[in-house]
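> What follows is the file target-v6.txt, containing compact mmCIF, C-alpha atoms:
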```
# COMPACT_ATOMS: atom_id res chain seq x y z
CA MET R 64 -74.80 -1.59 148.65
CA ILE R 65 -76.34 -1.42 152.11
CA ILE R 66 -79.90 -2.37 151.20
CA ARG R 67 -79.98 -6.05 150.36
CA ASP R 68 -82.73 -8.56 149.70
CA VAL R 69 -85.32 -5.91 148.88
CA MET R 70 -85.72 -5.37 145.16
CA ALA R 71 -86.73 -2.07 143.65
CA GLY R 72 -90.05 -2.24 141.79
CA PHE R 73 -90.25 -3.18 138.11
CA GLU R 74 -92.81 -4.18 135.51
CA PHE R 75 -92.82 -7.82 134.53
CA TYR R 76 -93.51 -9.04 130.99
CA ARG R 77 -93.69 -12.62 129.84
CA PRO R 78 -93.93 -12.67 126.03
CA ILE R 79 -94.76 -15.97 124.33
CA THR R 80 -93.46 -15.15 120.85
CA ARG R 81 -90.15 -13.84 119.63
CA PRO R 82 -91.56 -10.71 117.88
CA GLU R 83 -93.39 -9.76 121.08
CA ALA R 84 -90.17 -10.09 123.05
CA ILE R 85 -88.24 -7.98 120.56
CA ALA R 86 -90.94 -5.31 120.58
CA LEU R 87 -90.69 -5.15 124.37
CA CYS R 88 -86.88 -5.00 124.27
CA HIS R 89 -87.13 -2.21 121.71
CA ARG R 90 -89.67 -0.32 123.82
CA PHE R 91 -87.63 -0.38 127.03
CA GLY R 92 -84.13 -0.35 125.50
CA ALA R 93 -81.40 -0.10 128.10
CA ASP R 94 -84.01 0.22 130.90
CA GLY R 95 -85.33 -3.28 130.14
CA TRP R 96 -83.74 -6.46 131.46
CA LYS R 97 -83.91 -9.75 129.63
CA LEU R 98 -84.55 -12.49 132.14
CA ALA R 99 -83.34 -15.99 131.25
CA GLY R 100 -82.62 -18.40 134.11
CA GLY R 101 -82.64 -15.56 136.64
CA ASN R 102 -79.74 -16.94 138.69
CA ASP R 103 -77.57 -13.86 138.39
CA SER R 104 -80.30 -11.28 137.71
CA LEU R 105 -81.80 -11.49 141.20
CA ASN R 106 -78.45 -10.69 142.82
CA TRP R 107 -78.22 -7.47 140.83
CA PHE R 108 -81.76 -6.48 141.77
CA LYS R 109 -81.47 -7.38 145.44
CA ASP R 110 -78.22 -5.45 145.75
CA ARG R 111 -79.96 -2.58 143.93
CA ILE R 112 -76.96 -2.12 141.67
CA LYS R 113 -79.07 -2.62 138.53
CA LYS R 114 -82.56 -1.17 138.63
CA PRO R 115 -84.37 -1.97 135.36
CA THR R 116 -87.86 -0.55 134.87
CA ALA R 117 -89.08 -3.73 133.15
CA LEU R 118 -88.19 -7.42 133.20
CA ILE R 119 -88.76 -9.33 129.97
CA ASP R 120 -88.95 -13.03 130.83
CA LEU R 121 -87.91 -15.11 127.81
CA SER R 122 -88.73 -18.48 129.35
CA ARG R 123 -92.13 -18.94 127.65
CA ILE R 124 -90.90 -18.50 124.07
CA ALA R 125 -90.98 -22.09 122.82
CA ASP R 126 -88.56 -21.81 119.88
CA LEU R 127 -85.72 -20.53 122.09
CA THR R 128 -85.38 -23.92 123.76
CA GLY R 129 -84.04 -27.22 122.49
CA ILE R 130 -81.23 -28.84 120.53
CA ARG R 131 -81.85 -29.40 116.80
CA GLU R 132 -79.86 -30.69 113.87
CA SER R 133 -79.62 -28.16 111.04
CA ASP R 134 -78.03 -28.06 107.58
CA ALA R 135 -74.82 -26.54 108.88
CA GLY R 136 -74.51 -28.59 112.05
CA PHE R 137 -76.32 -28.34 115.36
CA GLU R 138 -78.35 -25.53 116.78
CA ILE R 139 -78.90 -24.99 120.51
CA GLY R 140 -81.70 -22.65 121.58
CA ALA R 141 -80.41 -19.84 123.79
CA MET R 142 -82.86 -20.74 126.58
CA THR R 143 -81.73 -24.38 126.76
CA THR R 144 -80.56 -25.19 130.27
CA LEU R 145 -76.95 -26.06 130.98
CA ARG R 146 -78.02 -29.39 132.45
CA THR R 147 -79.74 -30.33 129.18
CA ILE R 148 -76.56 -29.45 127.26
CA ALA R 149 -74.29 -31.29 129.69
CA GLU R 150 -76.43 -34.44 129.44
CA ASP R 151 -77.46 -34.37 125.78
CA THR R 152 -76.17 -37.48 123.98
CA VAL R 153 -75.65 -35.71 120.63
CA ILE R 154 -73.61 -32.88 122.19
CA ARG R 155 -71.67 -35.34 124.33
CA GLY R 156 -70.99 -37.47 121.27
CA GLY R 157 -69.85 -34.81 118.80
CA TYR R 158 -69.07 -31.67 120.80
CA ARG R 159 -67.86 -33.01 124.11
CA LEU R 160 -65.94 -29.78 124.68
CA LEU R 161 -69.24 -27.95 125.13
CA SER R 162 -70.91 -30.59 127.30
CA ASP R 163 -67.76 -30.76 129.50
CA ALA R 164 -67.79 -26.98 129.88
CA ALA R 165 -71.52 -26.93 130.66
CA ALA R 166 -71.02 -29.61 133.31
CA LYS R 167 -68.45 -27.42 135.08
CA VAL R 168 -70.65 -24.35 135.47
CA ALA R 169 -71.75 -23.48 139.01
CA SER R 170 -73.59 -26.30 140.79
CA PRO R 171 -76.13 -28.98 139.72
CA GLN R 172 -78.96 -26.95 141.22
CA ILE R 173 -77.99 -23.84 139.25
CA ARG R 174 -77.38 -25.78 136.02
CA ALA R 175 -80.93 -27.09 136.19
CA SER R 176 -82.30 -23.58 135.66
CA ALA R 177 -79.36 -21.61 134.19
CA THR R 178 -79.47 -21.17 130.42
CA ILE R 179 -76.67 -21.12 127.88
CA GLY R 180 -77.79 -17.69 126.65
CA GLY R 181 -77.80 -16.31 130.18
CA ASN R 182 -74.36 -17.74 130.78
CA LEU R 183 -73.00 -16.04 127.66
CA CYS R 184 -74.64 -12.67 128.40
CA GLN R 185 -73.88 -12.42 132.13
CA HIS R 186 -72.10 -9.34 133.40
CA ALA R 187 -68.52 -9.27 134.66
CA ARG R 188 -67.82 -10.67 138.10
CA CYS R 189 -65.38 -7.90 139.10
CA TRP R 190 -66.35 -7.35 142.71
CA TYR R 191 -65.79 -3.58 142.60
CA TYR R 192 -68.29 -3.39 139.74
CA ARG R 193 -70.72 -5.69 141.55
CA ALA R 194 -70.38 -3.67 144.75
CA GLY R 195 -71.75 -0.67 142.84
CA GLN R 196 -68.51 1.28 142.60
CA PRO R 197 -68.50 4.09 139.98
CA CYS R 198 -65.98 2.33 137.76
CA TYR R 199 -65.52 2.54 133.99
CA ARG R 200 -67.76 -0.51 133.47
CA ALA R 201 -70.51 1.17 135.49
CA GLY R 202 -70.17 4.35 133.44
CA GLY R 203 -67.70 6.09 135.78
CA HIS R 204 -64.12 7.26 135.33
CA HIS R 205 -61.93 5.00 137.42
CA CYS R 206 -60.76 1.40 137.69
CA PHE R 207 -60.43 0.29 141.30
CA ALA R 208 -58.67 -2.96 140.38
CA ARG R 209 -55.44 -1.60 138.97
CA ALA R 210 -53.86 -0.03 142.09
CA ASP R 211 -51.12 -1.91 143.95
CA GLU R 212 -53.29 -2.35 147.03
CA SER R 213 -56.34 -3.47 145.01
CA VAL R 214 -57.99 -6.81 145.63
CA ASN R 215 -57.41 -8.09 142.11
CA ARG R 216 -56.47 -11.77 142.19
CA GLU R 217 -59.36 -12.55 139.82
CA HIS R 218 -58.66 -9.79 137.27
CA ALA R 219 -57.20 -9.62 133.78
CA LEU R 220 -53.78 -10.54 132.41
CA PHE R 221 -54.38 -9.54 128.80
CA ASP R 222 -55.95 -6.82 126.69
CA ALA R 223 -57.09 -4.70 129.62
CA SER R 224 -57.98 -1.19 128.57
CA LEU R 225 -59.53 1.02 131.27
CA CYS R 226 -61.39 -1.96 132.81
CA MET R 227 -59.63 -5.01 134.30
CA ALA R 228 -62.64 -7.33 134.53
CA VAL R 229 -62.58 -10.78 132.92
CA THR R 230 -65.09 -12.99 131.18
CA PRO R 231 -66.70 -15.21 133.83
CA SER R 232 -68.15 -17.77 131.42
CA ASP R 233 -67.08 -21.40 131.06
CA ILE R 234 -69.23 -21.80 127.95
CA ALA R 235 -67.74 -18.85 126.03
CA PRO R 236 -64.20 -20.29 125.52
CA ALA R 237 -65.69 -23.62 124.44
CA LEU R 238 -67.85 -21.90 121.80
CA VAL R 239 -64.92 -19.90 120.45
CA ALA R 240 -62.85 -23.10 120.27
CA LEU R 241 -65.66 -24.77 118.29
CA ASP R 242 -65.98 -21.86 115.78
CA ALA R 243 -69.61 -21.47 116.84
CA THR R 244 -71.82 -18.72 115.47
CA LEU R 245 -74.55 -16.98 117.45
CA ALA R 246 -77.95 -16.19 115.98
CA ILE R 247 -79.42 -12.87 117.15
CA ASP R 248 -82.82 -11.38 116.43
CA GLY R 249 -83.76 -7.72 116.74
CA PRO R 250 -85.90 -4.92 115.33
CA ALA R 251 -83.63 -4.75 112.25
CA GLY R 252 -84.11 -8.47 111.57
CA PRO R 253 -82.03 -11.53 112.38
CA ARG R 254 -78.23 -11.52 112.15
CA THR R 255 -75.48 -13.98 112.96
CA VAL R 256 -72.12 -13.26 114.52
CA ASP R 257 -69.05 -15.41 115.20
CA ALA R 258 -68.62 -16.40 118.82
CA ALA R 259 -65.19 -14.76 118.71
CA SER R 260 -66.64 -11.36 117.75
CA PHE R 261 -69.81 -11.67 119.88
CA PHE R 262 -67.64 -11.06 122.94
CA VAL R 263 -66.04 -7.64 123.11
CA GLY R 264 -63.23 -6.16 125.17
CA PRO R 265 -63.21 -2.81 126.97
CA ASP R 266 -61.42 -1.26 123.99
CA VAL R 267 -64.66 -1.76 122.00
CA ASP R 268 -67.29 -1.30 124.72
CA VAL R 269 -66.23 -0.82 128.31
CA THR R 270 -69.73 -1.26 129.76
CA ASN R 271 -70.65 -4.54 128.02
CA LEU R 272 -68.97 -7.90 127.61
CA THR R 273 -70.98 -8.72 124.47
CA SER R 274 -71.99 -6.96 121.27
CA LEU R 275 -75.68 -7.75 121.87
CA HIS R 276 -77.72 -4.53 121.70
CA PRO R 277 -80.33 -3.83 124.40
CA ASP R 278 -83.16 -4.30 121.86
CA GLU R 279 -81.85 -7.61 120.53
CA ILE R 280 -82.20 -11.12 121.90
CA LEU R 281 -79.83 -14.04 121.54
CA VAL R 282 -81.77 -16.78 119.76
CA ALA R 283 -79.48 -19.74 119.23
CA ILE R 284 -75.94 -21.08 119.25
CA ARG R 285 -74.90 -22.86 116.05
CA LEU R 286 -72.15 -25.45 116.09
CA PRO R 287 -70.56 -26.13 112.69
CA ARG R 288 -69.70 -29.67 111.61
CA SER R 289 -66.04 -28.73 111.06
CA TRP R 290 -65.02 -29.54 114.66
CA LYS R 291 -67.45 -32.43 115.21
CA SER R 292 -65.77 -35.33 117.05
CA ALA R 293 -62.33 -33.64 117.10
CA PHE R 294 -59.88 -34.01 120.01
CA PHE R 295 -61.12 -31.88 122.87
CA TYR R 296 -60.00 -30.74 126.29
CA PHE R 297 -61.72 -28.49 128.81
CA GLU R 298 -60.45 -27.64 132.25
CA LYS R 299 -61.55 -25.07 134.76
CA VAL R 300 -59.43 -23.97 137.69
CA ALA R 301 -61.40 -22.39 140.51
CA ASP R 302 -61.01 -22.10 144.25
CA ARG R 303 -63.72 -24.68 144.80
CA GLN R 304 -64.55 -27.84 142.89
CA VAL R 305 -68.18 -26.81 142.46
CA TRP R 306 -70.21 -23.59 142.63
CA ASP R 307 -67.43 -21.24 141.65
CA PHE R 308 -66.32 -19.06 138.76
CA PRO R 309 -63.10 -19.85 136.91
CA LEU R 310 -59.80 -18.24 137.87
CA VAL R 311 -58.57 -19.52 134.49
CA ASN R 312 -60.23 -22.03 132.17
CA VAL R 313 -58.97 -23.58 128.94
CA ALA R 314 -60.86 -25.00 125.95
CA VAL R 315 -58.89 -26.76 123.23
CA SER R 316 -60.02 -28.35 119.95
CA LEU R 317 -57.42 -30.32 118.00
CA ALA R 318 -57.72 -31.88 114.55
CA MET R 319 -55.19 -34.74 114.48
CA THR R 320 -53.75 -36.52 111.44
CA GLY R 321 -52.08 -39.50 113.04
CA ASP R 322 -49.77 -37.99 115.67
CA VAL R 323 -49.62 -34.63 113.95
CA ILE R 324 -51.79 -31.65 114.89
CA SER R 325 -53.34 -30.46 111.63
CA ASP R 326 -55.48 -27.68 113.10
CA ALA R 327 -56.03 -26.24 116.57
CA ARG R 328 -58.08 -23.80 118.58
CA ILE R 329 -56.76 -22.78 121.99
CA VAL R 330 -58.98 -20.45 123.99
CA CYS R 331 -58.77 -19.37 127.63
CA GLY R 332 -61.27 -17.57 129.84
CA GLY R 333 -60.69 -15.67 133.07
CA ILE R 334 -57.63 -13.80 131.77
CA GLY R 335 -59.24 -11.04 129.70
CA ALA R 336 -62.61 -9.43 129.07
CA ARG R 337 -63.07 -11.70 126.04
CA PRO R 338 -62.30 -15.39 125.80
CA LYS R 339 -58.68 -15.18 124.63
CA ARG R 340 -57.62 -17.14 121.59
CA PHE R 341 -53.90 -17.77 121.00
CA PRO R 342 -53.30 -17.62 117.21
CA ASP R 343 -49.49 -17.61 117.64
CA VAL R 344 -49.61 -20.80 119.69
CA GLU R 345 -52.04 -22.41 117.24
CA SER R 346 -49.77 -21.70 114.26
CA MET R 347 -46.69 -22.88 116.20
CA ILE R 348 -48.14 -26.32 116.95
CA LYS R 349 -49.76 -26.83 113.55
CA GLY R 350 -48.02 -29.66 111.68
CA LYS R 351 -46.20 -30.76 114.83
CA GLY R 352 -46.75 -33.35 117.54
CA ARG R 353 -47.81 -33.11 121.14
CA ASP R 354 -44.20 -32.78 122.34
CA MET R 355 -44.63 -29.06 121.62
CA ALA R 356 -47.05 -28.77 124.54
CA ALA R 357 -44.65 -27.24 127.09
CA ALA R 358 -43.27 -24.70 124.61
CA ALA R 359 -46.83 -23.84 123.58
CA GLY R 360 -47.76 -23.22 127.21
CA GLN R 361 -44.84 -20.81 127.60
CA LEU R 362 -45.69 -19.01 124.36
CA ALA R 363 -49.28 -18.50 125.53
CA THR R 364 -48.08 -16.28 128.37
CA THR R 365 -46.31 -13.85 126.00
CA GLY R 366 -47.57 -10.34 126.54
CA ALA R 367 -49.26 -11.10 129.87
CA LYS R 368 -49.37 -8.04 132.12
CA PRO R 369 -50.05 -9.21 135.66
CA LEU R 370 -51.54 -6.84 138.21
CA SER R 371 -50.39 -6.69 141.83
CA GLY R 372 -52.35 -9.76 142.92
CA ASN R 373 -52.86 -12.00 139.90
CA GLY R 374 -49.30 -13.00 138.96
CA TYR R 375 -50.14 -16.64 139.72
CA LYS R 376 -52.34 -16.69 136.60
CA VAL R 377 -49.23 -16.63 134.39
CA PRO R 378 -47.81 -20.04 135.45
CA LEU R 379 -51.38 -21.32 135.80
CA LEU R 380 -52.12 -20.37 132.18
CA ALA R 381 -48.87 -21.95 130.92
CA GLY R 382 -49.62 -25.15 132.81
CA LEU R 383 -53.21 -25.36 131.62
CA VAL R 384 -52.34 -24.88 127.94
CA THR R 385 -49.57 -27.47 128.25
CA ARG R 386 -51.84 -30.00 129.90
CA ALA R 387 -54.67 -29.37 127.44
CA LEU R 388 -52.42 -30.11 124.46
CA ARG R 389 -51.05 -33.25 126.11
CA GLU R 390 -54.35 -34.62 127.31
CA ALA R 391 -56.85 -33.69 124.57
CA TRP R 392 -58.58 -36.86 123.41
CA ALA R 393 -61.21 -37.80 120.85
CA MET Q 193 -64.53 -28.24 160.43
CA GLY Q 194 -61.39 -26.23 159.82
CA LEU Q 195 -61.20 -27.33 156.19
CA GLY Q 196 -62.59 -24.06 154.89
CA MET Q 197 -60.39 -22.16 157.34
CA ALA Q 198 -57.30 -23.88 155.94
CA ARG Q 199 -58.01 -23.56 152.23
CA LEU Q 200 -60.78 -21.15 151.33
CA GLU Q 201 -62.54 -18.89 153.77
CA HIS Q 202 -61.16 -15.42 153.98
CA ARG Q 203 -62.21 -11.97 155.09
CA VAL Q 204 -61.02 -9.57 152.43
CA TYR Q 205 -61.41 -5.82 152.69
CA ASP Q 206 -60.39 -3.34 150.04
CA PRO Q 207 -57.93 -0.74 151.39
CA GLN Q 208 -59.13 1.88 148.88
CA THR Q 209 -62.85 1.77 149.60
CA GLY Q 210 -63.06 -0.08 152.92
CA LEU Q 211 -65.61 -2.41 151.35
CA PRO Q 212 -65.72 -6.16 152.02
CA ALA Q 213 -64.61 -7.87 148.80
CA ASN Q 214 -66.24 -11.23 149.37
CA VAL Q 215 -69.85 -10.98 150.34
CA GLY Q 216 -72.27 -13.85 149.90
CA LEU Q 217 -71.64 -17.55 150.05
CA HIS Q 218 -70.14 -17.84 146.58
CA GLN Q 219 -67.44 -15.29 147.32
CA ALA Q 220 -66.77 -16.22 150.94
CA LYS Q 221 -66.36 -19.78 149.64
CA PRO Q 222 -67.19 -22.22 152.40
CA PRO Q 223 -66.11 -25.66 151.15
CA THR Q 224 -68.60 -27.63 149.11
CA TRP Q 225 -69.12 -31.38 149.23
CA LEU Q 226 -66.54 -31.89 146.46
CA ASP Q 227 -63.90 -29.88 148.35
CA LEU Q 228 -63.84 -32.34 151.22
CA PRO Q 229 -61.40 -35.25 151.37
CA GLN Q 230 -62.97 -38.57 150.41
CA ARG Q 231 -61.84 -40.07 153.69
CA LEU Q 232 -61.87 -38.14 156.93
CA SER Q 233 -60.76 -39.68 160.17
CA ALA Q 234 -60.83 -37.99 163.56
CA GLU Q 235 -60.17 -39.28 167.03
CA THR Q 236 -60.70 -37.80 170.44
CA ILE Q 237 -58.39 -38.19 173.40
CA GLU Q 238 -60.41 -38.02 176.57
CA GLY Q 239 -59.04 -36.29 179.63
CA LYS Q 240 -60.18 -33.85 182.27
CA ASP Q 241 -59.46 -30.16 181.92
CA PRO Q 242 -57.81 -29.17 185.22
CA ASP Q 243 -58.79 -25.51 184.76
CA ASN Q 244 -62.50 -26.24 184.67
CA PRO Q 245 -64.38 -27.02 187.90
CA PHE Q 246 -66.19 -29.92 186.25
CA GLY Q 247 -63.23 -31.05 184.11
CA MET Q 248 -65.13 -30.25 180.94
CA LYS Q 249 -63.70 -29.20 177.56
CA GLY Q 250 -65.30 -27.38 174.67
CA VAL Q 251 -66.06 -29.42 171.59
CA GLY Q 252 -67.21 -26.64 169.23
CA GLU Q 253 -64.18 -24.64 168.18
CA PRO Q 254 -61.12 -26.74 169.11
CA PRO Q 255 -61.35 -29.10 166.10
CA THR Q 256 -61.06 -26.19 163.60
CA GLY Q 257 -57.50 -25.47 164.64
CA ALA Q 258 -56.49 -29.12 164.54
CA ALA Q 259 -58.05 -29.79 161.14
CA ALA Q 260 -56.63 -26.62 159.61
CA ALA Q 261 -53.17 -27.42 160.97
CA ALA Q 262 -53.34 -30.95 159.53
CA ILE Q 263 -54.15 -29.60 156.06
CA LEU Q 264 -51.53 -26.83 156.19
CA CYS Q 265 -48.89 -29.38 157.23
CA ALA Q 266 -49.90 -31.59 154.30
CA ILE Q 267 -49.65 -28.65 151.87
CA SER Q 268 -46.22 -27.65 153.19
CA ASP Q 269 -45.10 -31.26 152.97
CA GLY Q 270 -46.34 -31.51 149.39
CA LEU Q 271 -44.46 -28.34 148.44
CA GLY Q 272 -41.20 -29.58 149.95
CA GLY Q 273 -41.30 -27.52 153.12
CA THR Q 274 -42.74 -24.12 152.10
CA LEU Q 275 -44.30 -22.54 155.18
CA PHE Q 276 -47.07 -20.01 154.70
CA ASN Q 277 -47.69 -19.31 158.41
CA ARG Q 278 -51.25 -18.17 157.78
CA VAL Q 279 -54.72 -19.30 156.83
CA PRO Q 280 -56.19 -19.73 154.37
CA VAL Q 281 -53.58 -21.09 151.98
CA THR Q 282 -55.43 -20.44 148.74
CA LEU Q 283 -54.82 -21.84 145.28
CA ASP Q 284 -52.94 -18.74 144.10
CA MET Q 285 -50.48 -18.96 147.01
CA ILE Q 286 -49.72 -22.59 146.14
CA VAL Q 287 -49.23 -21.80 142.43
CA ASN Q 288 -46.94 -18.88 143.32
CA ALA Q 289 -44.89 -21.08 145.64
CA LEU Q 290 -44.55 -23.81 142.99
CA ALA Q 291 -43.58 -21.30 140.29
CA GLY Q 292 -41.08 -19.53 142.57
CA LEU Q 293 -42.93 -16.21 142.32
CA ALA Q 294 -43.04 -13.70 145.15
CA PRO Q 295 -46.22 -14.10 147.21
CA PRO Q 296 -48.65 -11.18 146.81
CA HIS Q 297 -49.28 -11.07 150.55
CA ALA Q 298 -47.04 -9.16 152.96
CA PRO Q 299 -44.84 -11.04 155.42
CA LEU Q 300 -46.13 -11.59 158.96
CA GLN Q 301 -45.74 -8.57 161.19
CA PRO Q 302 -46.28 -8.11 164.91
CA HIS Q 303 -49.23 -5.97 165.91
CA ALA Q 304 -48.00 -2.59 167.08
CA TYR Q 305 -50.83 -0.93 168.92
```
Show me this structure written as structure tokens.

Amino acid sequence: MIIRDVMAGFEFYRPITRPEAIALCHRFGADGWKLAGGNDSLNWFKDRIKKPTALIDLSRIADLTGIRESDAGFEIGAMTTLRTIAEDTVIRGGYRLLSDAAAKVASPQIRASATIGGNLCQHARCWYYRAGQPCYRAGGHHCFARADESVNREHALFDASLCMAVTPSDIAPALVALDATLAIDGPAGPRTVDAASFFVGPDVDVTNLTSLHPDEILVAIRLPRSWKSAFFYFEKVADRQVWDFPLVNVAVSLAMTGDVISDARIVCGGIGARPKRFPDVESMIKGKGRDMAAAAGQLATTGAKPLSGNGYKVPLLAGLVTRALREAWA
Amino acid sequence: MGLGMARLEHRVYDPQTGLPANVGLHQAKPPTWLDLPQRLSAETIEGKDPDNPFGMKGVGEPPTGAAAAAILCAISDGLGGTLFNRVPVTLDMIVNALAGLAPPHAPLQPHAY
């Protein structure tokens, strides 16, 4: 906490093929650190909160980068930068939800080097955790964010178990709302997992926000054709207009038949450890028109358990869901 | 100047651990280019300071108070007269005021040393 700007020593590996990278990840396990864009990693090292023995730089593995059309839809390499995704004409044309979300992350300078895989795998932003406190997420036995006097305006409303940290990603809710699947490669061979189950809450794993094992790497994000060119809406509310993490964000995909909503995905970030989907709200608005927006916003807040300092997220969430359903456009 | 003071910049300490909660520029949140109003106008009224032997006035700090007050007055006006009586007035305070929720911060109290 006190020593800043001086990193502890580590070995540095720069594999150029995927099997080499996986072998290195397997060798170092939890003591290895997969380096993507490096925007968040350096903060951890400089603050000496995370001290990996080896860095495995994934930036030279050619097949982890790029946007390709595949049989099932589109595939985005995990090391593709957020700027590339925000500006790509195919993504902007068919999956504008994702390009809008990518364009809202951090700042232009950071988006130029930050990768989609790094964004999805970043650690929680809970400041107690980042300050090196011995909390549940850091392997300890306490949550500092749940006391009445805690500084917890950025913490969870839903599904908090032990840990109160939230997902900091703008990309994650968009991927869940697009029914994306994530391709993972590891020593046991490749596997795919739904975006919705890639992210895990503290009830499943309190020390990780994702189900990616230390010896696996995220290879690609696959977007199915089912939501191509649907009605989309993405909005991020943060303290600042740029270079900030979301207090709450909302990603909505709507399939419209005339004025009637035939299918919907409503997903919010910043309110739980996982991007939170609202199945009750989705089934309520299915087969109805956009006049249900305000009621849907209210229903989304059902079950919210505000902490001492984050009660404002409840009306914020209701307002965002309402606006998303009113404003989503094709 | 004063825009970050009015809306964003805050010194937050945790009562449990005594640690500063917002370290670094992304947590201390000085305003970015997109947080500034599109049009800013400022004027100076020239006059001698009678308490200074040369009649001079400082030009470094005084504008922060004026700019912050202008923004806080605009926020209160927009909310129909809600007075926060503090800086910064952050997004969560405005949402709470609009939704009629109790503010998470304690009311103003006199220092009692």
> Please return, as number ranges by chain, all residues of chain R lying within 6 Å of chain Q when all atoms listed in the file are considered.
R: 304, 372, 375
> So how many Å separate atom CA of Ala149 of chain R and atom CA of Ala166 of chain R, to one decimal?
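Going from atom CA of Ala149 of chain R over to atom CA of Ala166 of chain R covers 5.2 Å.
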> Can you pull out the residues contacting Thr116 of chain R? Cut-off 12 Å, using all atoms listed in the file, and skip same-chain residues under 5 positions away; I want them as a ChimeraX atom specification.
/R:70-76,87-88,90-97,108
> Report, in Å to a single decimal, how far apart atom CA of Leu383 of chain R and atom CA of Gly272 of chain Q are.
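A separation of 22.3 Å between them.
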> What separation in Å, quoted to one decimal, exists between atom CA of Val229 of chain R and atom CA of Gly333 of chain R?
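Computing it gives 5.2 Å between the two atoms.
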> Specify the axis-aligned box that encloses all atoms of segment 197-206 of chain Q listed in the file after padding of 5 Å on each side, stating its centre and edge lengths in Å to one decimal as JSON.

```
{"center_x": -59.9, "center_y": -13.6, "center_z": 153.7, "size_x": 15.2, "size_y": 30.5, "size_z": 17.3}
```
> From the list R:Phe262, R:Trp190, R:Phe308, R:Tyr296, which residue is nearest Val384 of chain R when using all atoms listed in the file?
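The answer is R:Tyr296, which sits nearest to Val384 of chain R.
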> So that I can see what lies close to segment 231-242 of chain Q, please list as a PyMOL selection string the residues with an atom at most 12 Å from it, counting all atoms listed in the file and leaving out residues fewer than 4 positions away in the same chain.
chain Q and resi 193+195+226-227+246-251+254-256+258-259+262-263
> Create the file for the chosen residues now, containing C-alpha atoms and written as an mmCIF file, in the frame of the given file.

```
data_model
loop_
_atom_site.group_PDB
_atom_site.id
_atom_site.type_symbol
_atom_site.label_atom_id
_atom_site.label_comp_id
_atom_site.auth_asym_id
_atom_site.auth_seq_id
_atom_site.Cartn_x
_atom_site.Cartn_y
_atom_site.Cartn_z
ATOM 1 C CA MET Q 193 -64.530 -28.240 160.430
ATOM 2 C CA LEU Q 195 -61.200 -27.330 156.190
ATOM 3 C CA LEU Q 226 -66.540 -31.890 146.460
ATOM 4 C CA ASP Q 227 -63.900 -29.880 148.350
ATOM 5 C CA PHE Q 246 -66.190 -29.920 186.250
ATOM 6 C CA GLY Q 247 -63.230 -31.050 184.110
ATOM 7 C CA MET Q 248 -65.130 -30.250 180.940
ATOM 8 C CA LYS Q 249 -63.700 -29.200 177.560
ATOM 9 C CA GLY Q 250 -65.300 -27.380 174.670
ATOM 10 C CA VAL Q 251 -66.060 -29.420 171.590
ATOM 11 C CA PRO Q 254 -61.120 -26.740 169.110
ATOM 12 C CA PRO Q 255 -61.350 -29.100 166.100
ATOM 13 C CA THR Q 256 -61.060 -26.190 163.600
ATOM 14 C CA ALA Q 258 -56.490 -29.120 164.540
ATOM 15 C CA ALA Q 259 -58.050 -29.790 161.140
ATOM 16 C CA ALA Q 262 -53.340 -30.950 159.530
ATOM 17 C CA ILE Q 263 -54.150 -29.600 156.060
#
```
> Find the residues around Ala228 of chain R up to 6 Å (all atoms listed in the file counted), leave out those fewer than 3 positions away in its own chain, and share them as a ChimeraX atom specification.
/R:189,218-219,336
> List every protein, DNA or RNA residue that has an atom no more than 10 Å from (-73.8, -11.5, 133.0) in the file's coordinate frame, counting only C-alpha atoms, and report them as a list in words.
Asn102, Asp103, Ser104, Trp107, Gly180, Gly181, Asn182, Leu183, Cys184, Gln185, His186, Ala187, Arg188, Thr230, Pro231, Ser232, Asn271, Leu272 and Thr273 of chain R
> Any idea what's packed within 10 Å of Gly332 of chain R, counting only C-alpha atoms, ignoring anything in its chain fewer than 6 positions away? Could you give it as a PyMOL selection string?
chain R and resi 219+229-237+299+309-314+338-340+380
> Let's have the selection written as a PDB file, in the frame of the given file, with C-alpha atoms.

```pdb
ATOM      1  CA  ALA R 219     -57.200  -9.620 133.780  1.00  0.00           C
ATOM      2  CA  VAL R 229     -62.580 -10.780 132.920  1.00  0.00           C
ATOM      3  CA  THR R 230     -65.090 -12.990 131.180  1.00  0.00           C
ATOM      4  CA  PRO R 231     -66.700 -15.210 133.830  1.00  0.00           C
ATOM      5  CA  SER R 232     -68.150 -17.770 131.420  1.00  0.00           C
ATOM      6  CA  ASP R 233     -67.080 -21.400 131.060  1.00  0.00           C
ATOM      7  CA  ILE R 234     -69.230 -21.800 127.950  1.00  0.00           C
ATOM      8  CA  ALA R 235     -67.740 -18.850 126.030  1.00  0.00           C
ATOM      9  CA  PRO R 236     -64.200 -20.290 125.520  1.00  0.00           C
ATOM     10  CA  ALA R 237     -65.690 -23.620 124.440  1.00  0.00           C
ATOM     11  CA  LYS R 299     -61.550 -25.070 134.760  1.00  0.00           C
ATOM     12  CA  PRO R 309     -63.100 -19.850 136.910  1.00  0.00           C
ATOM     13  CA  LEU R 310     -59.800 -18.240 137.870  1.00  0.00           C
ATOM     14  CA  VAL R 311     -58.570 -19.520 134.490  1.00  0.00           C
ATOM     15  CA  ASN R 312     -60.230 -22.030 132.170  1.00  0.00           C
ATOM     16  CA  VAL R 313     -58.970 -23.580 128.940  1.00  0.00           C
ATOM     17  CA  ALA R 314     -60.860 -25.000 125.950  1.00  0.00           C
ATOM     18  CA  PRO R 338     -62.300 -15.390 125.800  1.00  0.00           C
ATOM     19  CA  LYS R 339     -58.680 -15.180 124.630  1.00  0.00           C
ATOM     20  CA  ARG R 340     -57.620 -17.140 121.590  1.00  0.00           C
ATOM     21  CA  LEU R 380     -52.120 -20.370 132.180  1.00  0.00           C
TER      22      LEU R 380
END
```
